[in-house]
Amino acid sequence: MIRDEPALHAEGTPFDLFPRVRTGNPQADDVLGGGFPSNSINIVMGQPGTGKTIFAEQLLFENAHGDRPLLFVTTLSEPLTTVVSYVQRFDFFDERKLGTEIQYHDLGLLLASDGPGALVPWLTEMIKTSRPKLIVIDSFRAIHDLATSIQEMRRMVSDLAGLLSAYDVTTFLLGEYTSDDVQRFPEFAIGDGIIELARNPLSTRDERFFRVLKVRGSAYREGQHAFRITDAGLELYPRLVSPRIPEDYEPRLERVPTGVAGLDAMLEGGLWRGSTTLVVGPTGSGKTTLALQFALEGVRRGEPTLYVNFQENPAQLRRAIASLGMSAEEAIARGLSLHYESPVELQIDSIIVGIFDRIQTEDIRRVVVDAIGDLVMAASDAQRLHDYLYALVQHLAVHHVTTVLTFESTQSMMSTIDFEHRFSYMSDNVLLLGLRGEERTRRTLRIVKTRNSGNDPDVRELEVRAGGARIV
Amino acid sequence: MHRVAPEAGSASNPASSPAPSPNGRAIILVVERDPHVRALQEYFLDEAGFAVEFAPDGVAALEMARAVAPYIIITEILVPKLDGLALCRAVKKDPALRGTAVLVFSILAAESRAREAGADAFLMKPLADRRLVDTVRTLLETCSRASTQLPTGRSSAGGSQP
């Protein structure tokens, strides 16, 4: 996964001195700085359907080790039978753990007849008789509806905090809280940790985000982390953060041949290793050809190369590779990895994290992303996409991976100009491809920008024919 | 000032040995202000077979200790009038209480200060019932072994267990 040091929020706090309660999801533990501190009181907030209950169930099953029981207490919002039958579809479900290890209790009737004040005495009895290691209360927010005054809730919450901090138990209060509630409800003052799950409905799918608002004494990862709900429970994609430059980091002063005849000469010998090059141009200007040549040149030089694309399906791409003088099978055998994702399915977080994982596990030296404009469509938030790509580019630079990104300049989107500008800014080099002429289409290439290098500033003709593109 | 334990203390034993309560249970004196902690201590220690007495502050605890000669004093550091560490030092200085072990059970991570004050054991809050009961049992074994082996006149300042 992503191996950056998380930012330390509590400066100098020895946050790993305390044992941690794992969530059952390694990525979520990573985001939380190792899990939840044990003996803490945590609030898991989010609107209905965001995955709070699944998150809590996964955590319970993860922590059912047969030593002390775990309590799942429902109040009002979901009947117990619903909760129990729903959880069975997940891989982490283990019916042998139900009953004695994971105990479900329905407090709806008791709280309705005796009021919120009945919770703490009931929990005290449970602690005495069951000695639970973990307690989940779902939904804690629903108890507010039974209170006759906010003072009544304040007293109860304060009493609850007293009880829960007196005993060796870690507690999770779930609720359909809104951001206004954070200021309003007393439980937020006693929470050591606050986690938010959010769902953002898009036209074809929902985006879900996991966010840590607070974990006392922990180095957690800020920001929204995308997740999906799968049969395994929550599948989280920690937000890529820009790497800390290692102390021994030095740019490799080494030129990387592009594989495009004549282009290396324009670039004083090639691209710097670890640099990022943006290739911009309209449809048919030769972006994919140029990018594939760069990839195959890497393969010829024994550099593991990753080619990510969202447009051509694998068969189309194989034909395109074959037209450049090497069969796709041979290219793959010699170190080319093809990574195809349909743009419809794309979720920006999973794709970027997926690319990054492959780069690390396969020791990739060259990367092509064709075309990053497709990611613009997959991203619901421009700033988020920009942050992601920026972080990715930084990671690639630190790992000395040389990267080519293509971008279609005429994609009919209002925002492409803005994106083109942003991508240009984060790239070390920008190559602009063009189409000219009426009777005969001529393709052109111009170097708009090179960082730390001289270049040939003239507009050159790019000839594309069987065998590939070359500078005339 | 030195008192023989009132209950079941044998007259031939001038320096008091801890004495069981009338129903034969070892007496544990708990100095604690937090009502939730008190309720749980009472429940778990009672269930484990001990007789639990409570003192509201360090001064009262010292007086009660001299009166009932508990086997063990469990004290929070942050208690009124005489703090838990001062109480510990006073107990350890008092020959009449030399059979009494002190367990400092605190919200503060102050194990070394507790040991310096002569505490026989230290536990940090929150209350983990098994750990508390196990620690109390170990202390009890240690001090009953010590008092059977050395019924009177122990040579050195006692109490510190490995």
# chains A, B, ... in the order shown; residues from 1 in each chain; ligands from 1

$ closest_atom_pairs --of "region 129-234 of chain A" --to "region 33-57 of chain B" --cutoff "10 Å" --atoms "only C-alpha atoms" --output "tab-separated table"
residue	atom	partner	partner_atom	distance
A:Thr129	CA	B:Phe44	CA	9.6
A:Asp159	CA	B:His36	CA	8.7
A:Leu160	CA	B:His36	CA	9.6
A:Ala161	CA	B:His36	CA	9.9
A:Gly162	CA	B:His36	CA	6.5
A:Leu163	CA	B:His36	CA	5.4
A:Leu164	CA	B:His36	CA	8.8
A:Ser165	CA	B:His36	CA	8.9
A:Ala166	CA	B:Val37	CA	5.3
A:Tyr167	CA	B:Val37	CA	7.4

$ write_last_selection --atoms "N, CA, C and O atoms" --output "PDB file, in the first residue's frame"
ATOM      1  N   THR A 129     -21.441  -8.376  34.541  1.00  0.00           N
ATOM      2  CA  THR A 129     -21.750  -9.785  34.307  1.00  0.00           C
ATOM      3  C   THR A 129     -21.072 -10.343  33.052  1.00  0.00           C
ATOM      4  O   THR A 129     -20.714 -11.513  33.024  1.00  0.00           O
ATOM      5  N   ASP A 159     -22.494  10.585  32.480  1.00  0.00           N
ATOM      6  CA  ASP A 159     -22.480   9.366  33.269  1.00  0.00           C
ATOM      7  C   ASP A 159     -21.901   8.205  32.447  1.00  0.00           C
ATOM      8  O   ASP A 159     -21.098   7.404  32.933  1.00  0.00           O
ATOM      9  N   LEU A 160     -22.288   8.170  31.198  1.00  0.00           N
ATOM     10  CA  LEU A 160     -21.797   7.128  30.287  1.00  0.00           C
ATOM     11  C   LEU A 160     -20.279   7.228  30.136  1.00  0.00           C
ATOM     12  O   LEU A 160     -19.565   6.218  30.193  1.00  0.00           O
ATOM     13  N   ALA A 161     -19.796   8.453  29.946  1.00  0.00           N
ATOM     14  CA  ALA A 161     -18.349   8.649  29.804  1.00  0.00           C
ATOM     15  C   ALA A 161     -17.646   8.179  31.064  1.00  0.00           C
ATOM     16  O   ALA A 161     -16.580   7.556  30.999  1.00  0.00           O
ATOM     17  N   GLY A 162     -18.237   8.475  32.233  1.00  0.00           N
ATOM     18  CA  GLY A 162     -17.647   8.040  33.495  1.00  0.00           C
ATOM     19  C   GLY A 162     -17.537   6.530  33.567  1.00  0.00           C
ATOM     20  O   GLY A 162     -16.487   5.983  33.918  1.00  0.00           O
ATOM     21  N   LEU A 163     -18.594   5.852  33.194  1.00  0.00           N
ATOM     22  CA  LEU A 163     -18.600   4.393  33.251  1.00  0.00           C
ATOM     23  C   LEU A 163     -17.602   3.806  32.258  1.00  0.00           C
ATOM     24  O   LEU A 163     -16.797   2.936  32.595  1.00  0.00           O
ATOM     25  N   LEU A 164     -17.660   4.299  31.034  1.00  0.00           N
ATOM     26  CA  LEU A 164     -16.840   3.692  29.977  1.00  0.00           C
ATOM     27  C   LEU A 164     -15.356   3.962  30.188  1.00  0.00           C
ATOM     28  O   LEU A 164     -14.519   3.183  29.759  1.00  0.00           O
ATOM     29  N   SER A 165     -15.048   5.086  30.833  1.00  0.00           N
ATOM     30  CA  SER A 165     -13.625   5.320  31.060  1.00  0.00           C
ATOM     31  C   SER A 165     -13.145   4.649  32.341  1.00  0.00           C
ATOM     32  O   SER A 165     -11.947   4.523  32.559  1.00  0.00           O
ATOM     33  N   ALA A 166     -14.065   4.174  33.174  1.00  0.00           N
ATOM     34  CA  ALA A 166     -13.655   3.460  34.385  1.00  0.00           C
ATOM     35  C   ALA A 166     -13.247   2.027  34.056  1.00  0.00           C
ATOM     36  O   ALA A 166     -12.476   1.430  34.790  1.00  0.00           O
ATOM     37  N   TYR A 167     -13.775   1.493  32.980  1.00  0.00           N
ATOM     38  CA  TYR A 167     -13.562   0.076  32.702  1.00  0.00           C
ATOM     39  C   TYR A 167     -12.765  -0.110  31.415  1.00  0.00           C
ATOM     40  O   TYR A 167     -12.805   0.712  30.513  1.00  0.00           O
TER      41      TYR A 167
END

$ select_by_dssp --residues "region 159-243 of chain A" --states "helix (DSSP H, G or I)" --output "count of residues only"
18

$ residues_around --residues "region 113-128 of chain B" --least-positions-apart "3" --cutoff "8 Å" --atoms "only C-alpha atoms" --output "NGL selection string"
(:A and (39 or 165-168)) or (:B and (37 or 40-41 or 85-86 or 88-89 or 92 or 101-110 or 131-132 or 135 or 139 or 159-161))

$ closest_residue --among "B:Lys93, B:Arg130, B:Arg66, B:Arg98" --to "chain A" --atoms "only C-alpha atoms"
B:Arg130

$ select_by_dssp --residues "region 40-96 of chain B" --states "strand (DSSP E)" --output "number ranges by chain"
B: 51-55, 72-75

$ closest_residue --among "B:Val68, B:Glu32, B:Ala61, B:Thr138" --to "chain A" --atoms "only C-alpha atoms"
B:Glu32

$ closest_residue --among "A:Gly354, A:Gly286, A:Pro132, A:Gly24" --to "chain B" --atoms "only C-alpha atoms"
A:Pro132

$ closest_residue --among "B:Ile72, B:Asp129, B:Leu140, B:Leu62" --to "chain A" --atoms "only C-alpha atoms"
B:Asp129

$ atom_distance --atom1 "CA of Gly223 (chain A)" --atom2 "CA of Ile194 (chain A)"
13.1 Å

$ residues_around --residues "region 264-277 of chain A" --least-positions-apart "2" --cutoff "7 Å" --atoms "only C-alpha atoms" --output "list in words"
Arg252, Leu253, Glu254, Arg255, Val256, Pro257, Thr258, Gly262, Val279, Val393, Leu396, Ala397, His400, Val401, Thr402, Thr403, Val404, Leu405, Ser427, Asp428, Asn429, Val430, Gly454, Asn455 and Asp456 of chain A

$ residues_around --residues "region 442-452 of chain A" --least-positions-apart "6" --cutoff "8 Å" --atoms "only C-alpha atoms" --output "list in words"
Ser285, Gly286, Asp428, Asn429, Val430, Leu431, Leu432, Leu433, Gly434, Leu435, Arg436, Asp458, Val459, Arg460, Glu461, Leu462, Glu463 and Val464 of chain A

$ write_last_selection --atoms "all heavy atoms" --output "CSV table (one decimal), in the first residue's frame"
chain,number,residue,atom,x,y,z
A,285,SER,N,-3.8,13.0,-33.6
A,285,SER,CA,-2.5,13.7,-33.7
A,285,SER,C,-1.4,12.8,-33.4
A,285,SER,O,-0.2,13.2,-33.6
A,285,SER,CB,-2.5,15.0,-32.8
A,285,SER,OG,-2.7,14.6,-31.5
A,286,GLY,N,-1.6,11.6,-32.9
A,286,GLY,CA,-0.5,10.7,-32.7
A,286,GLY,C,-0.1,10.5,-31.3
A,286,GLY,O,1.0,9.9,-31.0
A,428,ASP,N,6.9,18.0,-16.0
A,428,ASP,CA,8.2,18.6,-16.2
A,428,ASP,C,8.3,19.0,-17.7
A,428,ASP,O,9.0,20.0,-18.0
A,428,ASP,CB,9.3,17.5,-15.9
A,428,ASP,CG,9.2,17.1,-14.5
A,428,ASP,OD1,9.3,18.0,-13.6
A,428,ASP,OD2,9.1,15.9,-14.2
A,429,ASN,N,7.7,18.3,-18.5
A,429,ASN,CA,7.8,18.6,-20.0
A,429,ASN,C,6.4,18.6,-20.6
A,429,ASN,O,5.6,17.8,-20.2
A,429,ASN,CB,8.6,17.5,-20.7
A,429,ASN,CG,9.9,17.2,-19.9
A,429,ASN,OD1,10.7,18.0,-19.6
A,429,ASN,ND2,10.0,15.9,-19.5
A,430,VAL,N,6.2,19.4,-21.6
A,430,VAL,CA,4.9,19.4,-22.3
A,430,VAL,C,5.2,19.4,-23.8
A,430,VAL,O,6.0,20.2,-24.3
A,430,VAL,CB,4.1,20.7,-21.9
A,430,VAL,CG1,2.8,20.7,-22.8
A,430,VAL,CG2,3.8,20.7,-20.4
A,431,LEU,N,4.7,18.4,-24.4
A,431,LEU,CA,4.8,18.3,-25.9
A,431,LEU,C,3.4,18.5,-26.5
A,431,LEU,O,2.4,17.9,-26.1
A,431,LEU,CB,5.2,16.9,-26.3
A,431,LEU,CG,6.5,16.3,-25.6
A,431,LEU,CD1,6.8,14.9,-26.3
A,431,LEU,CD2,7.7,17.2,-25.7
A,432,LEU,N,3.4,19.5,-27.4
A,432,LEU,CA,2.1,19.8,-28.0
A,432,LEU,C,2.0,19.2,-29.4
A,432,LEU,O,2.9,19.5,-30.3
A,432,LEU,CB,2.0,21.3,-28.1
A,432,LEU,CG,0.6,21.9,-28.5
A,432,LEU,CD1,-0.5,21.5,-27.5
A,432,LEU,CD2,0.7,23.4,-28.6
A,433,LEU,N,1.0,18.4,-29.7
A,433,LEU,CA,0.9,17.8,-31.0
A,433,LEU,C,-0.2,18.6,-31.7
A,433,LEU,O,-1.2,19.0,-31.1
A,433,LEU,CB,0.5,16.3,-30.9
A,433,LEU,CG,1.4,15.4,-30.1
A,433,LEU,CD1,1.1,13.9,-30.3
A,433,LEU,CD2,2.9,15.6,-30.5
A,434,GLY,N,-0.1,18.7,-33.1
A,434,GLY,CA,-1.2,19.4,-33.8
A,434,GLY,C,-1.4,18.7,-35.1
A,434,GLY,O,-0.7,17.8,-35.6
A,435,LEU,N,-2.5,19.2,-35.8
A,435,LEU,CA,-2.9,18.7,-37.1
A,435,LEU,C,-3.0,19.9,-38.0
A,435,LEU,O,-3.6,20.9,-37.6
A,435,LEU,CB,-4.3,18.0,-37.1
A,435,LEU,CG,-4.3,16.7,-36.4
A,435,LEU,CD1,-5.8,16.3,-36.2
A,435,LEU,CD2,-3.6,15.6,-37.1
A,436,ARG,N,-2.4,19.8,-39.1
A,436,ARG,CA,-2.4,21.0,-40.1
A,436,ARG,C,-2.8,20.5,-41.5
A,436,ARG,O,-2.6,19.4,-41.8
A,436,ARG,CB,-1.1,21.7,-40.1
A,436,ARG,CG,-0.8,22.5,-38.9
A,436,ARG,CD,0.5,23.3,-39.1
A,436,ARG,NE,0.9,24.0,-37.9
A,436,ARG,CZ,2.0,24.7,-37.8
A,436,ARG,NH1,2.8,24.7,-38.8
A,436,ARG,NH2,2.3,25.2,-36.7
A,458,ASP,N,11.3,24.8,-32.1
A,458,ASP,CA,10.6,24.9,-33.4
A,458,ASP,C,9.4,23.9,-33.5
A,458,ASP,O,9.4,22.8,-32.9
A,458,ASP,CB,11.5,24.7,-34.6
A,458,ASP,CG,12.5,25.8,-34.7
A,458,ASP,OD1,12.3,26.8,-34.0
A,458,ASP,OD2,13.6,25.6,-35.3
A,459,VAL,N,8.5,24.2,-34.3
A,459,VAL,CA,7.4,23.3,-34.7
A,459,VAL,C,8.0,22.3,-35.7
A,459,VAL,O,8.5,22.7,-36.7
A,459,VAL,CB,6.2,24.0,-35.3
A,459,VAL,CG1,5.1,23.0,-35.7
A,459,VAL,CG2,5.6,25.0,-34.3
A,460,ARG,N,7.9,21.1,-35.4
A,460,ARG,CA,8.5,20.0,-36.3
A,460,ARG,C,7.3,19.2,-36.8
A,460,ARG,O,6.3,19.0,-36.2
A,460,ARG,CB,9.4,19.1,-35.5
A,460,ARG,CG,10.6,19.8,-34.9
A,460,ARG,CD,11.6,20.2,-36.0
A,460,ARG,NE,12.8,20.8,-35.5
A,460,ARG,CZ,13.9,20.8,-36.1
A,460,ARG,NH1,14.0,20.3,-37.3
A,460,ARG,NH2,15.0,21.4,-35.6
A,461,GLU,N,7.6,18.6,-37.9
A,461,GLU,CA,6.6,17.7,-38.5
A,461,GLU,C,6.8,16.3,-37.9
A,461,GLU,O,7.9,15.8,-37.7
A,461,GLU,CB,6.7,17.6,-40.0
A,461,GLU,CG,5.6,16.7,-40.5
A,461,GLU,CD,5.4,16.7,-42.1
A,461,GLU,OE1,6.1,17.6,-42.7
A,461,GLU,OE2,4.7,15.9,-42.6
A,462,LEU,N,5.7,15.7,-37.5
A,462,LEU,CA,5.7,14.3,-36.9
A,462,LEU,C,5.0,13.4,-38.0
A,462,LEU,O,3.8,13.6,-38.3
A,462,LEU,CB,4.9,14.3,-35.6
A,462,LEU,CG,4.8,13.0,-34.9
A,462,LEU,CD1,6.2,12.7,-34.2
A,462,LEU,CD2,3.7,13.0,-33.8
A,463,GLU,N,5.8,12.5,-38.5
A,463,GLU,CA,5.3,11.7,-39.5
A,463,GLU,C,4.9,10.4,-38.8
A,463,GLU,O,5.7,9.7,-38.1
A,463,GLU,CB,6.4,11.4,-40.5
A,463,GLU,CG,5.9,10.6,-41.7
A,463,GLU,CD,7.0,10.4,-42.7
A,463,GLU,OE1,8.1,9.8,-42.3
A,463,GLU,OE2,6.9,10.8,-43.9
A,464,VAL,N,3.6,10.0,-39.0
A,464,VAL,CA,3.1,8.7,-38.5
A,464,VAL,C,2.8,7.8,-39.6
A,464,VAL,O,2.0,8.1,-40.5
A,464,VAL,CB,1.8,9.0,-37.6
A,464,VAL,CG1,1.3,7.7,-37.0
A,464,VAL,CG2,2.1,10.0,-36.5

$ residues_around --residues "Asn309 (chain A)" --least-positions-apart "5" --cutoff "10 Å" --atoms "only C-alpha atoms" --output "PyMOL selection string"
chain A and resi 288+314+317+338-343+368-372+374+406

$ write_last_selection --atoms "N, CA, C and O atoms" --output "PDB file, in the first residue's frame"
ATOM      1  N   THR A 288      -1.340   8.497 -28.847  1.00  0.00           N
ATOM      2  CA  THR A 288      -1.247   7.111 -28.407  1.00  0.00           C
ATOM      3  C   THR A 288      -0.054   6.416 -29.061  1.00  0.00           C
ATOM      4  O   THR A 288       0.670   5.652 -28.407  1.00  0.00           O
ATOM      5  N   PRO A 314      -8.375  -4.269 -24.623  1.00  0.00           N
ATOM      6  CA  PRO A 314      -7.099  -4.976 -24.780  1.00  0.00           C
ATOM      7  C   PRO A 314      -6.834  -5.421 -26.221  1.00  0.00           C
ATOM      8  O   PRO A 314      -5.697  -5.361 -26.687  1.00  0.00           O
ATOM      9  N   LEU A 317      -5.712  -2.513 -28.340  1.00  0.00           N
ATOM     10  CA  LEU A 317      -4.382  -2.073 -27.927  1.00  0.00           C
ATOM     11  C   LEU A 317      -3.311  -3.029 -28.466  1.00  0.00           C
ATOM     12  O   LEU A 317      -2.244  -2.605 -28.900  1.00  0.00           O
ATOM     13  N   LEU A 338      -0.135  -4.242 -19.259  1.00  0.00           N
ATOM     14  CA  LEU A 338      -1.249  -3.437 -19.774  1.00  0.00           C
ATOM     15  C   LEU A 338      -2.321  -3.379 -18.689  1.00  0.00           C
ATOM     16  O   LEU A 338      -2.718  -4.408 -18.141  1.00  0.00           O
ATOM     17  N   HIS A 339      -2.756  -2.190 -18.392  1.00  0.00           N
ATOM     18  CA  HIS A 339      -3.761  -2.003 -17.345  1.00  0.00           C
ATOM     19  C   HIS A 339      -4.929  -1.255 -17.991  1.00  0.00           C
ATOM     20  O   HIS A 339      -4.816  -0.090 -18.317  1.00  0.00           O
ATOM     21  N   TYR A 340      -6.023  -1.989 -18.203  1.00  0.00           N
ATOM     22  CA  TYR A 340      -7.175  -1.375 -18.851  1.00  0.00           C
ATOM     23  C   TYR A 340      -8.319  -1.271 -17.866  1.00  0.00           C
ATOM     24  O   TYR A 340      -8.597  -2.205 -17.119  1.00  0.00           O
ATOM     25  N   GLU A 341      -8.955  -0.115 -17.835  1.00  0.00           N
ATOM     26  CA  GLU A 341     -10.193   0.008 -17.067  1.00  0.00           C
ATOM     27  C   GLU A 341     -11.192   0.773 -17.892  1.00  0.00           C
ATOM     28  O   GLU A 341     -10.858   1.776 -18.526  1.00  0.00           O
ATOM     29  N   SER A 342     -12.400   0.281 -17.898  1.00  0.00           N
ATOM     30  CA  SER A 342     -13.449   0.982 -18.620  1.00  0.00           C
ATOM     31  C   SER A 342     -13.749   2.303 -17.918  1.00  0.00           C
ATOM     32  O   SER A 342     -13.886   2.343 -16.711  1.00  0.00           O
ATOM     33  N   PRO A 343     -13.838   3.375 -18.688  1.00  0.00           N
ATOM     34  CA  PRO A 343     -14.070   4.675 -18.042  1.00  0.00           C
ATOM     35  C   PRO A 343     -15.382   4.738 -17.269  1.00  0.00           C
ATOM     36  O   PRO A 343     -15.526   5.521 -16.336  1.00  0.00           O
ATOM     37  N   VAL A 368       2.862   4.918 -18.656  1.00  0.00           N
ATOM     38  CA  VAL A 368       2.066   5.748 -19.567  1.00  0.00           C
ATOM     39  C   VAL A 368       0.637   5.746 -19.045  1.00  0.00           C
ATOM     40  O   VAL A 368       0.099   4.689 -18.707  1.00  0.00           O
ATOM     41  N   VAL A 369       0.021   6.908 -18.953  1.00  0.00           N
ATOM     42  CA  VAL A 369      -1.415   6.979 -18.676  1.00  0.00           C
ATOM     43  C   VAL A 369      -2.071   7.652 -19.880  1.00  0.00           C
ATOM     44  O   VAL A 369      -1.795   8.807 -20.187  1.00  0.00           O
ATOM     45  N   ASP A 370      -2.909   6.872 -20.573  1.00  0.00           N
ATOM     46  CA  ASP A 370      -3.509   7.322 -21.838  1.00  0.00           C
ATOM     47  C   ASP A 370      -5.015   7.118 -21.746  1.00  0.00           C
ATOM     48  O   ASP A 370      -5.470   5.987 -21.836  1.00  0.00           O
ATOM     49  N   ALA A 371      -5.813   8.124 -21.498  1.00  0.00           N
ATOM     50  CA  ALA A 371      -5.442   9.515 -21.383  1.00  0.00           C
ATOM     51  C   ALA A 371      -5.964  10.047 -20.050  1.00  0.00           C
ATOM     52  O   ALA A 371      -7.012   9.593 -19.576  1.00  0.00           O
ATOM     53  N   ILE A 372      -5.276  10.991 -19.483  1.00  0.00           N
ATOM     54  CA  ILE A 372      -5.718  11.468 -18.172  1.00  0.00           C
ATOM     55  C   ILE A 372      -7.039  12.230 -18.240  1.00  0.00           C
ATOM     56  O   ILE A 372      -7.716  12.386 -17.242  1.00  0.00           O
ATOM     57  N   ASP A 374      -9.657  11.080 -19.334  1.00  0.00           N
ATOM     58  CA  ASP A 374     -10.690  10.128 -18.933  1.00  0.00           C
ATOM     59  C   ASP A 374     -10.880  10.128 -17.425  1.00  0.00           C
ATOM     60  O   ASP A 374     -11.963   9.834 -16.927  1.00  0.00           O
ATOM     61  N   THR A 406      -0.970  11.359 -21.513  1.00  0.00           N
ATOM     62  CA  THR A 406      -1.540  11.996 -22.706  1.00  0.00           C
ATOM     63  C   THR A 406      -2.814  12.732 -22.302  1.00  0.00           C
ATOM     64  O   THR A 406      -3.479  12.381 -21.323  1.00  0.00           O
TER      65      THR A 406
END

$ residues_around --residues "Lys81 (chain B)" --least-positions-apart "2" --cutoff "8 Å" --atoms "only C-alpha atoms" --output "PyMOL selection string"
chain B and resi 57-59+79+83
